[in-house]
Amino acid sequence: MLSYRHAFHAGNHADVLKHAVLLELLDYFNRKDKPWFYIDTHAGGGCYALESEQAGKTAEFADGIGRLWARDDLPAMLARYVAAVRQFNPHGRLLFYPGSPALAMTCARAQDRLRLFELHPADHESLQRTFNGEVERVQVRKADGFGALKGLLPPPSRRALALIDPPYEVKEDYRRVVEVLKDAMKRFPTGTYALWYPMLARPEARQLHDRLADLGAESWLDVRLSVKRPPRDGFGMFGSGMYIVNPPWVLPERLEATLPWLSKVLAVDEGAGFDLEHAIE
């Protein structure tokens with residue numbers, strides 16, 4: 001199925017969590033000069049115009065990045081994130097929202113490499129346009145990122161961050177993310193893997209947390225942010241999470257300083273909250 005388009009959801013509360021964490025991970029990688037690989041299994045369109053018909057139809061960014069844009073009291077982790085988004089909005093108005101690959105590119109140095117995968121024809125074309133001038137550092141492929149990941153592990157530099165971020169529009173995605181992550185951990189045990197997942201009422205979403213725990217990762221972090229109560233009708237995302245294998249040791253402290261503030265600012269109702277679990281060696 002290729003019906004999912006991230007343009008409808010760009011900049012929402014899930015993107016705030018996902019992209020703030022992504023920048024933390026890459027900033028940590030940049031503490032060393034050694035090059036890194038960034039692998040995005042479901043890269044999307046690259047960058048999104050928030051005044052487009054798609055983004056405007058739902059305007060989810062208004063309750064995500066929109067609630068942070070004009071704040072002057074941002075915690076350090078979120079100030080870093082908003083500053084990165086501002087690079088795509090040089091005149092001050094929030095008109096464009098960068099997807100994960102575009103944000104990763106703001107961290108990339110001359111020696112670093114991006115490998116991006118997207119199956120949707122329109123999004124793949126947009127992704128190619130976004131990185132048209134970066135043929136040396138960035139490779140864009142119209143391919144299934146689930147299948148492509150194994151061929152890139154381990155990378156030549158032995159340093160890599162893989163973002164696994166499928167749309168979860170089919171139940172099969174919940175099974176595949178666990179299988180892909182398990183295989184990646186075998187091929188390249190020291191890699192960092194960041195899996196984004198939605199918080200939904202559907203059974204397969206609720207079961208994913210336990211299935212990830214059963215992977216047996218020695219070093220991991222699981223952060224969840226909810227912005228409202230689970231819907232009574234069982235439909236709709238009320239939060240999201242990030243499960244990270246081999247996270248930086250500094251990440252829990254950064255999140256603990258950020259999540260209380262963020263959950264309050266993005267809250268839709270009294271069901272908002274957060275949870276953070278980790279075992280980091």
# chains A, B, ... in the order shown; residues from 1 in each chain; ligands from 1
>>> select_by_dssp(residues="range 24-190 of chain A", states="alpha helix (DSSP H)", output="PyMOL selection string")
chain A and resi 24-29+53-58+76-86+100-107+121-130+145-149+172-187
>>> residues_around(residues="range 72-80 of chain A", least_positions_apart="3", cutoff="9 Å", atoms="only C-alpha atoms", output="ChimeraX atom specification")
/A:16,20-21,23-24,68-69,83-85,254-255,257-258,261-262
>>> write_last_selection(atoms="N, CA and C atoms", output="PDB file, in the first residue's frame")
ATOM      1  N   VAL A  16       7.842  16.278  16.316  1.00  0.00           N
ATOM      2  CA  VAL A  16       8.615  17.021  17.316  1.00  0.00           C
ATOM      3  C   VAL A  16       9.476  16.055  18.134  1.00  0.00           C
ATOM      4  N   ALA A  20      13.544  15.852  17.387  1.00  0.00           N
ATOM      5  CA  ALA A  20      14.389  16.332  18.479  1.00  0.00           C
ATOM      6  C   ALA A  20      15.362  15.238  18.912  1.00  0.00           C
ATOM      7  N   VAL A  21      14.869  14.006  18.979  1.00  0.00           N
ATOM      8  CA  VAL A  21      15.728  12.869  19.330  1.00  0.00           C
ATOM      9  C   VAL A  21      16.749  12.607  18.222  1.00  0.00           C
ATOM     10  N   LEU A  23      18.166  14.646  16.135  1.00  0.00           N
ATOM     11  CA  LEU A  23      19.253  15.626  16.178  1.00  0.00           C
ATOM     12  C   LEU A  23      20.191  15.367  17.352  1.00  0.00           C
ATOM     13  N   GLU A  24      19.635  14.928  18.474  1.00  0.00           N
ATOM     14  CA  GLU A  24      20.476  14.573  19.617  1.00  0.00           C
ATOM     15  C   GLU A  24      21.427  13.432  19.253  1.00  0.00           C
ATOM     16  N   LEU A  68       5.822  25.539  19.460  1.00  0.00           N
ATOM     17  CA  LEU A  68       7.168  25.826  19.935  1.00  0.00           C
ATOM     18  C   LEU A  68       7.789  27.027  19.230  1.00  0.00           C
ATOM     19  N   TRP A  69       7.281  27.356  18.076  1.00  0.00           N
ATOM     20  CA  TRP A  69       7.951  28.269  17.149  1.00  0.00           C
ATOM     21  C   TRP A  69       8.289  29.628  17.768  1.00  0.00           C
ATOM     22  N   ALA A  83      15.900  25.512  16.198  1.00  0.00           N
ATOM     23  CA  ALA A  83      16.934  26.213  15.433  1.00  0.00           C
ATOM     24  C   ALA A  83      17.199  25.509  14.105  1.00  0.00           C
ATOM     25  N   ALA A  84      17.162  24.175  14.108  1.00  0.00           N
ATOM     26  CA  ALA A  84      17.369  23.419  12.866  1.00  0.00           C
ATOM     27  C   ALA A  84      16.217  23.660  11.890  1.00  0.00           C
ATOM     28  N   VAL A  85      14.989  23.685  12.393  1.00  0.00           N
ATOM     29  CA  VAL A  85      13.838  23.942  11.528  1.00  0.00           C
ATOM     30  C   VAL A  85      13.898  25.366  10.979  1.00  0.00           C
ATOM     31  N   ARG A 254      19.070  14.205  28.974  1.00  0.00           N
ATOM     32  CA  ARG A 254      18.528  15.251  28.103  1.00  0.00           C
ATOM     33  C   ARG A 254      17.011  15.140  28.008  1.00  0.00           C
ATOM     34  N   LEU A 255      16.521  13.931  27.881  1.00  0.00           N
ATOM     35  CA  LEU A 255      15.079  13.732  27.785  1.00  0.00           C
ATOM     36  C   LEU A 255      14.374  14.049  29.100  1.00  0.00           C
ATOM     37  N   ALA A 257      15.125  16.213  31.173  1.00  0.00           N
ATOM     38  CA  ALA A 257      15.068  17.664  31.330  1.00  0.00           C
ATOM     39  C   ALA A 257      14.083  18.306  30.354  1.00  0.00           C
ATOM     40  N   THR A 258      13.610  17.536  29.382  1.00  0.00           N
ATOM     41  CA  THR A 258      12.784  18.085  28.308  1.00  0.00           C
ATOM     42  C   THR A 258      11.335  17.639  28.354  1.00  0.00           C
ATOM     43  N   TRP A 261       8.308  19.506  30.345  1.00  0.00           N
ATOM     44  CA  TRP A 261       7.954  20.763  29.691  1.00  0.00           C
ATOM     45  C   TRP A 261       7.202  20.489  28.388  1.00  0.00           C
ATOM     46  N   LEU A 262       7.729  19.574  27.579  1.00  0.00           N
ATOM     47  CA  LEU A 262       7.139  19.311  26.271  1.00  0.00           C
ATOM     48  C   LEU A 262       5.740  18.735  26.393  1.00  0.00           C
TER      49      LEU A 262
END
>>> atom_distance(atom1="CA of Lys150 in chain A", atom2="CA of Glu179 in chain A")
11.3 Å
>>> residues_around(residues="Leu17 in chain A", least_positions_apart="3", cutoff="8 Å", atoms="only C-alpha atoms", output="list of chain:residue names")
A:His13, A:Ala14, A:Ala20, A:Val21, A:Leu225, A:Ser240, A:Gly241
>>> atom_distance(atom1="CA of Gln207 in chain A", atom2="CA of Asp15 in chain A")
22.1 Å
>>> closest_atom_pairs(of="range 159-224 of chain A", to="range 249-252 of chain A", cutoff="10 Å", atoms="only C-alpha atoms", output="tab-separated table")
residue	atom	partner	partner_atom	distance
A:Ser219	CA	A:Trp249	CA	9.4
A:Trp220	CA	A:Trp249	CA	9.9
A:Leu221	CA	A:Pro252	CA	7.8
A:Asp222	CA	A:Pro252	CA	9.6
A:Val223	CA	A:Pro252	CA	9.1
>>> write_last_selection(atoms="N, CA and C atoms", output="tab-separated table (two decimals), in the first residue's frame")
chain	number	residue	atom	x	y	z
A	219	SER	N	21.64	-2.56	25.37
A	219	SER	CA	21.60	-1.13	25.62
A	219	SER	C	20.45	-0.54	24.81
A	220	TRP	N	19.48	0.06	25.49
A	220	TRP	CA	18.29	0.54	24.80
A	220	TRP	C	17.63	1.67	25.57
A	221	LEU	N	16.78	2.40	24.86
A	221	LEU	CA	15.99	3.47	25.45
A	221	LEU	C	14.63	3.50	24.77
A	222	ASP	N	13.58	3.66	25.56
A	222	ASP	CA	12.22	3.72	25.03
A	222	ASP	C	11.54	4.96	25.61
A	223	VAL	N	11.22	5.92	24.76
A	223	VAL	CA	10.58	7.14	25.20
A	223	VAL	C	9.22	7.27	24.52
>>> closest_residue(among="A:Ala102, A:Leu266, A:Ala160, A:Cys107", to="Arg67 in chain A", atoms="only C-alpha atoms")
A:Leu266
>>> residues_around(residues="range 183-199 of chain A", least_positions_apart="6", cutoff="7 Å", atoms="only C-alpha atoms", output="PyMOL selection string")
chain A and resi 18+150+153-154+159-165+205+237-247
>>> write_last_selection(atoms="N, CA, C and O atoms", output="PDB file, in the first residue's frame")
ATOM      1  N   LYS A  18      10.259  12.824  17.439  1.00  0.00           N
ATOM      2  CA  LYS A  18      11.175  12.062  16.578  1.00  0.00           C
ATOM      3  C   LYS A  18      12.376  12.895  16.149  1.00  0.00           C
ATOM      4  O   LYS A  18      13.529  12.437  16.210  1.00  0.00           O
ATOM      5  N   LYS A 150      19.548  -4.243   5.247  1.00  0.00           N
ATOM      6  CA  LYS A 150      20.513  -5.313   5.509  1.00  0.00           C
ATOM      7  C   LYS A 150      21.732  -5.229   4.597  1.00  0.00           C
ATOM      8  O   LYS A 150      22.834  -5.612   4.996  1.00  0.00           O
ATOM      9  N   LEU A 153      24.656  -2.910   6.062  1.00  0.00           N
ATOM     10  CA  LEU A 153      25.231  -3.192   7.372  1.00  0.00           C
ATOM     11  C   LEU A 153      26.229  -4.346   7.315  1.00  0.00           C
ATOM     12  O   LEU A 153      25.939  -5.378   6.717  1.00  0.00           O
ATOM     13  N   PRO A 154      27.407  -4.186   7.938  1.00  0.00           N
ATOM     14  CA  PRO A 154      27.879  -2.956   8.592  1.00  0.00           C
ATOM     15  C   PRO A 154      28.423  -1.967   7.576  1.00  0.00           C
ATOM     16  O   PRO A 154      28.911  -2.373   6.507  1.00  0.00           O
ATOM     17  N   ARG A 159      30.241   3.110  11.824  1.00  0.00           N
ATOM     18  CA  ARG A 159      29.426   4.038  12.616  1.00  0.00           C
ATOM     19  C   ARG A 159      28.178   4.337  11.803  1.00  0.00           C
ATOM     20  O   ARG A 159      28.277   4.822  10.668  1.00  0.00           O
ATOM     21  N   ALA A 160      27.008   4.058  12.372  1.00  0.00           N
ATOM     22  CA  ALA A 160      25.780   4.278  11.607  1.00  0.00           C
ATOM     23  C   ALA A 160      24.592   4.500  12.525  1.00  0.00           C
ATOM     24  O   ALA A 160      24.506   3.913  13.611  1.00  0.00           O
ATOM     25  N   LEU A 161      23.694   5.333  12.038  1.00  0.00           N
ATOM     26  CA  LEU A 161      22.389   5.520  12.656  1.00  0.00           C
ATOM     27  C   LEU A 161      21.346   5.178  11.607  1.00  0.00           C
ATOM     28  O   LEU A 161      21.341   5.758  10.518  1.00  0.00           O
ATOM     29  N   ALA A 162      20.482   4.235  11.923  1.00  0.00           N
ATOM     30  CA  ALA A 162      19.387   3.868  11.025  1.00  0.00           C
ATOM     31  C   ALA A 162      18.074   4.301  11.661  1.00  0.00           C
ATOM     32  O   ALA A 162      17.764   3.903  12.787  1.00  0.00           O
ATOM     33  N   LEU A 163      17.321   5.126  10.939  1.00  0.00           N
ATOM     34  CA  LEU A 163      15.984   5.520  11.373  1.00  0.00           C
ATOM     35  C   LEU A 163      14.982   4.627  10.668  1.00  0.00           C
ATOM     36  O   LEU A 163      14.925   4.605   9.431  1.00  0.00           O
ATOM     37  N   ILE A 164      14.218   3.897  11.433  1.00  0.00           N
ATOM     38  CA  ILE A 164      13.196   2.984  10.898  1.00  0.00           C
ATOM     39  C   ILE A 164      11.838   3.602  11.229  1.00  0.00           C
ATOM     40  O   ILE A 164      11.423   3.622  12.386  1.00  0.00           O
ATOM     41  N   ASP A 165      11.186   4.114  10.213  1.00  0.00           N
ATOM     42  CA  ASP A 165      10.030   4.976  10.431  1.00  0.00           C
ATOM     43  C   ASP A 165       8.933   4.688   9.402  1.00  0.00           C
ATOM     44  O   ASP A 165       8.591   5.543   8.591  1.00  0.00           O
ATOM     45  N   ALA A 205      -0.487  -2.316  17.861  1.00  0.00           N
ATOM     46  CA  ALA A 205       0.299  -1.195  18.373  1.00  0.00           C
ATOM     47  C   ALA A 205       0.584  -1.369  19.855  1.00  0.00           C
ATOM     48  O   ALA A 205       1.694  -1.096  20.328  1.00  0.00           O
ATOM     49  N   MET A 237      -4.239   8.483  16.440  1.00  0.00           N
ATOM     50  CA  MET A 237      -2.995   8.432  17.207  1.00  0.00           C
ATOM     51  C   MET A 237      -3.057   9.454  18.347  1.00  0.00           C
ATOM     52  O   MET A 237      -3.348  10.618  18.126  1.00  0.00           O
ATOM     53  N   PHE A 238      -2.771   9.007  19.560  1.00  0.00           N
ATOM     54  CA  PHE A 238      -2.794   9.914  20.697  1.00  0.00           C
ATOM     55  C   PHE A 238      -1.401  10.194  21.253  1.00  0.00           C
ATOM     56  O   PHE A 238      -1.235  10.941  22.209  1.00  0.00           O
ATOM     57  N   GLY A 239      -0.402   9.614  20.629  1.00  0.00           N
ATOM     58  CA  GLY A 239       0.973   9.839  21.025  1.00  0.00           C
ATOM     59  C   GLY A 239       1.908   9.023  20.165  1.00  0.00           C
ATOM     60  O   GLY A 239       1.481   8.378  19.196  1.00  0.00           O
ATOM     61  N   SER A 240       3.177   9.031  20.502  1.00  0.00           N
ATOM     62  CA  SER A 240       4.151   8.257  19.730  1.00  0.00           C
ATOM     63  C   SER A 240       5.349   7.951  20.608  1.00  0.00           C
ATOM     64  O   SER A 240       5.502   8.507  21.710  1.00  0.00           O
ATOM     65  N   GLY A 241       6.185   7.059  20.105  1.00  0.00           N
ATOM     66  CA  GLY A 241       7.356   6.660  20.868  1.00  0.00           C
ATOM     67  C   GLY A 241       8.570   6.453  19.989  1.00  0.00           C
ATOM     68  O   GLY A 241       8.462   6.352  18.757  1.00  0.00           O
ATOM     69  N   MET A 242       9.716   6.410  20.627  1.00  0.00           N
ATOM     70  CA  MET A 242      10.976   6.097  19.959  1.00  0.00           C
ATOM     71  C   MET A 242      11.679   5.018  20.778  1.00  0.00           C
ATOM     72  O   MET A 242      11.901   5.182  21.985  1.00  0.00           O
ATOM     73  N   TYR A 243      12.000   3.909  20.100  1.00  0.00           N
ATOM     74  CA  TYR A 243      12.770   2.833  20.731  1.00  0.00           C
ATOM     75  C   TYR A 243      14.149   2.854  20.088  1.00  0.00           C
ATOM     76  O   TYR A 243      14.287   2.699  18.873  1.00  0.00           O
ATOM     77  N   ILE A 244      15.179   3.046  20.910  1.00  0.00           N
ATOM     78  CA  ILE A 244      16.528   3.244  20.384  1.00  0.00           C
ATOM     79  C   ILE A 244      17.460   2.177  20.937  1.00  0.00           C
ATOM     80  O   ILE A 244      17.547   1.982  22.158  1.00  0.00           O
ATOM     81  N   VAL A 245      18.124   1.489  20.037  1.00  0.00           N
ATOM     82  CA  VAL A 245      19.136   0.509  20.404  1.00  0.00           C
ATOM     83  C   VAL A 245      20.498   1.188  20.350  1.00  0.00           C
ATOM     84  O   VAL A 245      20.809   1.893  19.393  1.00  0.00           O
ATOM     85  N   ASN A 246      21.294   1.009  21.379  1.00  0.00           N
ATOM     86  CA  ASN A 246      22.614   1.628  21.508  1.00  0.00           C
ATOM     87  C   ASN A 246      22.532   3.159  21.507  1.00  0.00           C
ATOM     88  O   ASN A 246      23.203   3.835  20.723  1.00  0.00           O
ATOM     89  N   PRO A 247      21.712   3.720  22.401  1.00  0.00           N
ATOM     90  CA  PRO A 247      21.612   5.182  22.474  1.00  0.00           C
ATOM     91  C   PRO A 247      22.818   5.783  23.184  1.00  0.00           C
ATOM     92  O   PRO A 247      23.525   5.096  23.928  1.00  0.00           O
TER      93      PRO A 247
END
>>> closest_residue(among="A:Arg86, A:Arg158, A:Glu281, A:Pro166", to="His120 in chain A", atoms="only C-alpha atoms")
A:Pro166
>>> select_by_dssp(residues="range 36-280 of chain A", states="strand (DSSP E or B)", output="PyMOL selection string")
chain A and resi 37-40+47-49+96-98+113-117+138-141+160-164+192-199+220-226+239-245+273-279
>>> closest_residue(among="A:Arg229, A:Asn89, A:Leu181, A:Arg224", to="Asp275 in chain A", atoms="only C-alpha atoms")
A:Arg224
>>> residues_around(residues="Trp36 in chain A", least_positions_apart="5", cutoff="10 Å", atoms="only C-alpha atoms", output="list of chain:residue names")
A:Leu26, A:Phe29, A:Asn30, A:Ala108, A:Arg109, A:Gln111, A:Asp112, A:Arg113, A:Leu114, A:Pro155, A:Pro156, A:Ser157, A:Arg158, A:Arg159, A:Ala160, A:Leu161
>>> atom_distance(atom1="CA of His91 in chain A", atom2="CA of Ser126 in chain A")
22.8 Å
